[in-house]
file entry-v9.txt (compact mmCIF, C-alpha atoms)
# COMPACT_ATOMS: atom_id res chain seq x y z
CA MET Q 4 18.80 65.43 26.97
CA LYS Q 5 15.34 63.90 27.43
CA ASN Q 6 14.13 60.29 27.35
CA VAL Q 7 11.07 59.72 25.17
CA ARG Q 8 8.87 56.69 24.51
CA VAL Q 9 7.54 56.21 20.98
CA TRP Q 10 4.27 54.27 20.76
CA PHE Q 11 3.57 52.55 17.47
CA LYS Q 12 1.45 49.92 15.76
CA LYS Q 13 2.93 47.01 13.83
CA ASP Q 14 0.49 45.60 11.27
CA ASP Q 15 -0.08 44.45 7.69
CA GLU Q 16 3.10 43.33 5.88
CA CYS Q 17 5.31 44.76 8.65
CA ARG Q 18 4.18 42.12 11.10
CA TYR Q 19 6.51 39.79 9.21
CA ILE Q 20 9.52 42.00 9.94
CA SER Q 21 11.78 40.31 12.49
CA HIS Q 22 12.81 42.20 15.62
CA LEU Q 23 16.31 42.69 14.23
CA ASP Q 24 14.93 44.13 10.99
CA LEU Q 25 12.49 46.30 12.93
CA ASN Q 26 15.46 47.79 14.75
CA ARG Q 27 17.09 48.57 11.40
CA VAL Q 28 13.91 50.09 9.95
CA MET Q 29 13.50 52.37 12.97
CA ILE Q 30 17.12 53.50 12.88
CA ARG Q 31 16.83 54.34 9.18
CA ALA Q 32 13.62 56.29 9.82
CA ILE Q 33 15.30 58.25 12.62
CA VAL Q 34 18.30 59.07 10.44
CA LYS Q 35 16.07 60.08 7.51
CA SER Q 36 13.85 62.23 9.75
CA ARG Q 37 16.90 64.14 11.06
CA LEU Q 38 15.46 64.23 14.55
CA PRO Q 39 17.93 65.34 17.28
CA VAL Q 40 18.34 61.82 18.68
CA TRP Q 41 21.30 60.86 20.86
CA HIS Q 42 23.72 58.48 19.13
CA THR Q 43 25.96 55.81 20.59
CA GLU Q 44 29.66 56.57 20.85
CA GLY Q 45 32.52 54.52 19.48
CA PHE Q 46 33.39 53.02 16.09
CA ASN Q 47 29.83 52.17 14.90
CA VAL Q 48 27.88 55.33 15.70
CA HIS Q 49 24.08 54.97 15.40
CA PRO Q 50 20.89 56.26 17.06
CA TYR Q 51 20.41 54.62 20.46
CA ILE Q 52 16.99 52.93 20.70
CA THR Q 53 15.52 50.16 22.86
CA PHE Q 54 12.29 48.16 22.70
CA ALA Q 55 10.40 47.15 25.85
CA LEU Q 56 9.16 43.72 24.75
CA PRO Q 57 9.98 42.23 21.32
CA LEU Q 58 6.97 41.00 19.37
CA SER Q 59 6.87 37.49 17.92
CA LEU Q 60 7.25 37.28 14.15
CA GLY Q 61 3.86 37.40 12.41
CA PHE Q 62 2.03 38.96 15.37
CA ARG Q 63 0.25 42.27 15.04
CA GLY Q 64 0.98 44.83 17.76
CA GLU Q 65 -1.43 47.58 18.77
CA LYS Q 66 0.67 49.18 21.51
CA GLU Q 67 4.39 48.66 20.83
CA THR Q 68 7.07 50.92 22.30
CA MET Q 69 10.53 52.19 21.43
CA ASP Q 70 12.62 54.34 23.76
CA MET Q 71 15.22 56.89 22.66
CA ARG Q 72 16.86 60.09 23.87
CA ILE Q 73 16.28 63.54 22.40
CA LEU Q 74 19.15 66.02 22.71
CA ASP Q 75 16.85 69.06 22.86
CA ASP Q 76 14.84 69.10 26.11
CA ASN Q 77 12.34 71.53 24.56
CA PHE Q 78 11.74 69.55 21.37
CA LYS Q 79 8.02 69.03 20.76
CA LEU Q 80 6.88 65.41 21.14
CA ASP Q 81 4.22 65.80 18.44
CA THR Q 82 6.96 66.70 15.98
CA ILE Q 83 8.69 63.38 16.65
CA LYS Q 84 5.47 61.56 15.79
CA GLU Q 85 4.93 63.55 12.59
CA GLU Q 86 8.50 63.24 11.31
CA LEU Q 87 8.84 59.52 12.03
CA ASN Q 88 5.55 58.70 10.29
CA LYS Q 89 6.83 60.44 7.16
CA CYS Q 90 9.76 58.00 7.06
CA LEU Q 91 8.15 54.70 8.13
CA PRO Q 92 6.78 52.04 5.74
CA HIS Q 93 3.13 51.07 5.51
CA GLY Q 94 2.30 48.88 8.51
CA LEU Q 95 4.37 50.81 11.05
CA THR Q 96 2.54 53.82 12.47
CA VAL Q 97 3.51 56.03 15.40
CA PHE Q 98 0.37 57.05 17.29
CA ASP Q 99 1.87 58.79 20.33
CA VAL Q 100 5.13 59.99 21.90
CA THR Q 101 5.40 60.44 25.67
CA GLU Q 102 7.97 60.66 28.42
CA PRO Q 103 8.53 57.19 29.96
CA VAL Q 104 6.81 56.35 33.24
CA SER Q 105 7.37 52.61 33.65
CA LYS Q 106 10.63 50.71 33.22
CA PRO Q 107 10.62 47.83 30.70
CA GLY Q 108 11.60 45.42 33.47
CA ALA Q 109 8.23 46.06 35.12
CA ILE Q 110 6.34 44.27 32.32
CA ASN Q 111 4.72 41.14 33.70
CA SER Q 112 1.91 40.15 31.31
CA ALA Q 113 0.37 40.84 27.91
CA LYS Q 114 -3.15 40.78 26.48
CA PHE Q 115 -3.69 38.93 23.21
CA LYS Q 116 -6.49 38.56 20.71
CA LEU Q 117 -6.44 35.30 18.71
CA ARG Q 118 -8.51 34.74 15.59
CA LEU Q 119 -8.66 31.03 14.74
CA SER Q 120 -10.06 29.15 11.76
CA SER Q 121 -9.71 25.87 9.86
CA ASP Q 122 -10.42 24.65 6.35
CA ASP Q 123 -11.38 21.24 7.73
CA ILE Q 124 -14.14 22.11 10.21
CA SER Q 125 -16.57 24.99 10.79
CA ALA Q 126 -16.02 27.77 13.30
CA LYS Q 127 -18.73 26.26 15.48
CA GLU Q 128 -17.02 22.87 15.50
CA LEU Q 129 -13.65 24.50 16.21
CA TYR Q 130 -15.23 26.41 19.10
CA ILE Q 131 -16.55 23.14 20.56
CA LYS Q 132 -13.12 21.52 20.28
CA LEU Q 133 -11.49 24.51 21.97
CA THR Q 134 -14.07 24.44 24.76
CA GLU Q 135 -13.41 20.75 25.35
CA LEU Q 136 -9.67 21.38 25.42
CA LEU Q 137 -9.93 24.25 27.90
CA ASP Q 138 -12.16 22.11 30.14
CA LYS Q 139 -9.41 19.53 30.58
CA ASP Q 140 -7.51 19.30 33.87
CA GLU Q 141 -4.21 19.79 32.05
CA ILE Q 142 -2.99 20.80 28.61
CA LEU Q 143 0.50 19.45 28.01
CA VAL Q 144 2.62 20.96 25.23
CA GLU Q 145 6.28 21.06 24.30
CA LYS Q 146 7.98 24.39 24.99
CA LYS Q 147 11.43 25.35 23.79
CA THR Q 148 13.68 26.82 26.48
CA LYS Q 149 17.34 27.81 26.68
CA LYS Q 150 18.02 24.40 28.20
CA GLY Q 151 16.13 22.49 25.50
CA VAL Q 152 12.58 21.26 25.01
CA LYS Q 153 10.35 20.36 27.94
CA ASN Q 154 6.70 19.49 28.50
CA ILE Q 155 4.66 22.08 30.37
CA ASN Q 156 1.05 22.31 31.46
CA ILE Q 157 -0.40 25.52 29.98
CA LYS Q 158 -3.86 24.95 31.46
CA GLU Q 159 -3.22 27.34 34.37
CA TYR Q 160 -2.37 30.18 31.99
CA PHE Q 161 -5.61 29.89 30.00
CA THR Q 162 -8.16 29.50 32.81
CA ASP Q 163 -9.43 33.05 32.23
CA ALA Q 164 -9.43 32.91 28.43
CA LYS Q 165 -12.63 34.23 26.86
CA HIS Q 166 -13.60 32.62 23.57
CA TYR Q 167 -16.55 32.78 21.19
CA ASP Q 168 -17.34 31.82 17.61
CA THR Q 169 -18.43 34.06 14.76
CA ASP Q 170 -19.61 33.09 11.30
CA ASN Q 171 -16.19 32.01 10.08
CA GLU Q 172 -13.71 32.08 12.97
CA VAL Q 173 -13.19 31.61 16.69
CA VAL Q 174 -11.95 34.61 18.69
CA VAL Q 175 -9.97 34.17 21.91
CA ARG Q 176 -8.99 36.94 24.32
CA VAL Q 177 -6.45 36.11 27.00
CA VAL Q 178 -3.83 37.68 29.27
CA LEU Q 179 -0.59 35.67 29.51
CA PRO Q 180 2.71 35.98 31.40
CA ALA Q 181 5.25 38.09 29.52
CA GLY Q 182 8.51 39.76 30.44
CA SER Q 183 11.89 38.86 31.85
CA THR Q 184 10.71 36.02 34.12
CA THR Q 185 8.03 33.93 32.39
CA ASN Q 186 6.76 34.03 28.83
CA ILE Q 187 3.84 32.00 27.47
CA ASN Q 188 3.36 32.30 23.73
CA PRO Q 189 -0.31 31.98 22.66
CA THR Q 190 0.76 29.72 19.78
CA LEU Q 191 1.23 26.99 22.41
CA LEU Q 192 -2.56 26.84 22.78
CA ILE Q 193 -3.00 26.72 19.01
CA LYS Q 194 -0.56 23.81 18.74
CA ALA Q 195 -2.47 21.98 21.51
CA LEU Q 196 -5.80 22.68 19.77
CA SER Q 197 -4.49 21.41 16.44
CA ASP Q 198 -3.22 18.20 18.07
CA TYR Q 199 -6.45 17.70 20.00
CA SER Q 200 -8.83 18.38 17.09
CA GLY Q 201 -6.72 16.63 14.46
CA VAL Q 202 -7.06 19.55 12.02
CA GLU Q 203 -4.80 22.37 10.91
CA VAL Q 204 -5.65 25.59 12.73
CA TYR Q 205 -4.90 28.93 11.09
CA TYR Q 206 -4.36 31.91 13.34
CA ASP Q 207 -4.03 35.68 13.37
CA ILE Q 208 -2.65 37.04 16.65
CA THR Q 209 -2.62 40.61 17.95
CA ARG Q 210 -0.85 41.75 21.10
CA VAL Q 211 -3.25 44.36 22.40
CA ASP Q 212 -1.51 45.67 25.53
CA VAL Q 213 1.10 44.92 28.21
CA PHE Q 214 0.86 45.27 32.00
CA ASP Q 215 2.95 45.31 35.17
CA ALA Q 216 2.66 42.84 38.07
CA GLU Q 217 -0.30 44.81 39.51
CA GLY Q 218 -2.18 44.68 36.21
CA ARG Q 219 -1.58 48.33 35.39
CA PRO Q 220 -0.95 49.25 31.74
CA PHE Q 221 2.68 49.87 30.80
CA GLU Q 222 3.28 53.61 30.42
call {"tool": "encode", "arguments": {"input": "entry-v9.txt", "output": "structure tokens"}}
result
Amino acid sequence: MKNVRVWFKKDDECRYISHLDLNRVMIRAIVKSRLPVWHTEGFNVHPYITFALPLSLGFRGEKETMDMRILDDNFKLDTIKEELNKCLPHGLTVFDVTEPVSKPGAINSAKFKLRLSSDDISAKELYIKLTELLDKDEILVEKKTKKGVKNINIKEYFTDAKHYDTDNEVVVRVVLPAGSTTNINPTLLIKALSDYSGVEVYYDITRVDVFDAEGRPFE
């Protein structure tokens, strides 16, 4: 039996699939593909799969992962990719299958690309408002936690954010804490920007990559 890591993209309509539904879609694709995947034992037998870091609903993902076990040690990894893609809906695409190197618990941060716009002000004006906000000493927002809602200062997490305006939107690139210890959702900045500018801010967010504590890509 061999552990394998399936790398896939989540885009288009499938970015609105919840993590629970994504799990169901993947299990159905595995069953339909008839790949020799190890199944759980007990009353409710099903293919055993795990995801390293669930993606927020509505986010695009360029480098998502799913781990599973193949019963045949000599089974070709490229075949897994080909057979799964035949059974997945538009918006979910497997682009690689490898043997795992890193453990999911090693994930410490994630890189995001934010595309922001507003019907109320131009991209240039939105860029100016964002620049003013990021120049502040602190950016206080409400964050939901297991213990309730609390105010946090997200300024420290966005000090290295790179942002620029195009003809019709503002693009932000930033690396934020992610994993089992601390998670900062980029929508917190968007909420702060909307409150600060007084306009509704539309967003399109892509998680580009994830890293360990040393800044090395998750493998």
call {"tool": "closest_residue", "arguments": {"input": "entry-v9.txt", "among": "Q:His22, Q:Lys194, Q:Lys127, Q:Lys12", "to": "Ile142 in chain Q", "atoms": "only C-alpha atoms"}}
result
Q:Lys194
call {"tool": "closest_residue", "arguments": {"input": "entry-v9.txt", "among": "Q:Met29, Q:Leu136, Q:Cys17, Q:Ile187", "to": "Gly64 in chain Q", "atoms": "all atoms listed in the file"}}
result
Q:Cys17
call {"tool": "residues_around", "arguments": {"input": "entry-v9.txt", "residues": "Leu74 in chain Q", "least_positions_apart": "5", "cutoff": "6 Å", "atoms": "only C-alpha atoms", "output": "list in words"}}
result
Met4, Pro39, Val40 and Trp41 of chain Q
call {"tool": "closest_residue", "arguments": {"input": "entry-v9.txt", "among": "Q:Val202, Q:Leu23, Q:Leu196, Q:Ala216", "to": "Pro57 in chain Q", "atoms": "all atoms listed in the file"}}
result
Q:Leu23
call {"tool": "atom_distance", "arguments": {"input": "entry-v9.txt", "atom1": "CA of Glu222 in chain Q", "atom2": "CA of Asn111 in chain Q"}}
result
13.0 Å
call {"tool": "atom_distance", "arguments": {"input": "entry-v9.txt", "atom1": "CA of Lys149 in chain Q", "atom2": "CA of Gly182 in chain Q"}}
result
15.3 Å
call {"tool": "residues_around", "arguments": {"input": "entry-v9.txt", "residues": "Leu80 in chain Q", "least_positions_apart": "3", "cutoff": "9 Å", "atoms": "only C-alpha atoms", "output": "MDAnalysis selection string"}}
result
chainID Q and resid 7 77 83:85 99:102
call {"tool": "closest_residue", "arguments": {"input": "entry-v9.txt", "among": "Q:Thr68, Q:Ser125, Q:Ser120, Q:Thr148", "to": "Lys13 in chain Q", "atoms": "all atoms listed in the file"}}
result
Q:Thr68
call {"tool": "closest_residue", "arguments": {"input": "entry-v9.txt", "among": "Q:His93, Q:Lys139, Q:Arg210, Q:Arg8", "to": "Ile157 in chain Q", "atoms": "only C-alpha atoms"}}
result
Q:Lys139
call {"tool": "closest_residue", "arguments": {"input": "entry-v9.txt", "among": "Q:Ser59, Q:Thr53, Q:Asn88, Q:Ser112", "to": "Asn186 in chain Q", "atoms": "all atoms listed in the file"}}
result
Q:Ser112
call {"tool": "residues_around", "arguments": {"input": "entry-v9.txt", "residues": "Leu87 in chain Q", "least_positions_apart": "3", "cutoff": "9 Å", "atoms": "all atoms listed in the file", "output": "ChimeraX atom specification"}}
result
/Q:29,32-33,35-36,38,82-84,90-91,96-97
call {"tool": "atom_distance", "arguments": {"input": "entry-v9.txt", "atom1": "CA of Arg176 in chain Q", "atom2": "CA of Val104 in chain Q"}}
result
26.6 Å
call {"tool": "residues_around", "arguments": {"input": "entry-v9.txt", "residues": "Asn171 in chain Q", "least_positions_apart": "4", "cutoff": "12 Å", "atoms": "all atoms listed in the file", "output": "short mmCIF file (atom, residue, chain, number, x, y, z; two decimals) with C-alpha atoms, in the frame of the given file"}}
result
data_model
loop_
_atom_site.label_atom_id
_atom_site.label_comp_id
_atom_site.auth_asym_id
_atom_site.auth_seq_id
_atom_site.Cartn_x
_atom_site.Cartn_y
_atom_site.Cartn_z
CA ARG Q 118 -8.51 34.74 15.59
CA LEU Q 119 -8.66 31.03 14.74
CA SER Q 120 -10.06 29.15 11.76
CA SER Q 121 -9.71 25.87 9.86
CA ASP Q 122 -10.42 24.65 6.35
CA ILE Q 124 -14.14 22.11 10.21
CA SER Q 125 -16.57 24.99 10.79
CA ALA Q 126 -16.02 27.77 13.30
CA LYS Q 127 -18.73 26.26 15.48
CA GLU Q 128 -17.02 22.87 15.50
CA LEU Q 129 -13.65 24.50 16.21
CA TYR Q 130 -15.23 26.41 19.10
CA TYR Q 167 -16.55 32.78 21.19
CA TYR Q 205 -4.90 28.93 11.09
#
call {"tool": "residues_around", "arguments": {"input": "entry-v9.txt", "residues": "Asp198 in chain Q", "least_positions_apart": "2", "cutoff": "12 Å", "atoms": "all atoms listed in the file", "output": "list in words"}}
result
Lys132, Leu133, Leu136, Ile142, Leu143, Val144, Glu145, Leu191, Leu192, Ile193, Lys194, Ala195, Leu196, Ser200, Gly201, Val202, Glu203 and Val204 of chain Q
call {"tool": "axis_aligned_box", "arguments": {"input": "entry-v9.txt", "around": "range 17-35 of chain Q", "padding_each_side": "5 Å", "output": "lines of an AutoDock Vina configuration file"}}
result
center_x = 11.2
center_y = 49.9
center_z = 11.6
size_x = 24.1
size_y = 30.3
size_z = 18.1
call {"tool": "residues_near_point", "arguments": {"input": "entry-v9.txt", "point": "(13.2, 36.7, 36.8)", "cutoff": "12 Å", "atoms": "only C-alpha atoms", "output": "ChimeraX atom specification"}}
result
/Q:108-111,180-186
call {"tool": "write_last_selection", "arguments": {"input": "entry-v9.txt", "atoms": "C-alpha atoms", "output": "tab-separated table (two decimals), in the coordinates of the input"}}
result
chain	number	residue	atom	x	y	z
Q	108	GLY	CA	11.60	45.42	33.47
Q	109	ALA	CA	8.23	46.06	35.12
Q	110	ILE	CA	6.34	44.27	32.32
Q	111	ASN	CA	4.72	41.14	33.70
Q	180	PRO	CA	2.71	35.98	31.40
Q	181	ALA	CA	5.25	38.09	29.52
Q	182	GLY	CA	8.51	39.76	30.44
Q	183	SER	CA	11.89	38.86	31.85
Q	184	THR	CA	10.71	36.02	34.12
Q	185	THR	CA	8.03	33.93	32.39
Q	186	ASN	CA	6.76	34.03	28.83
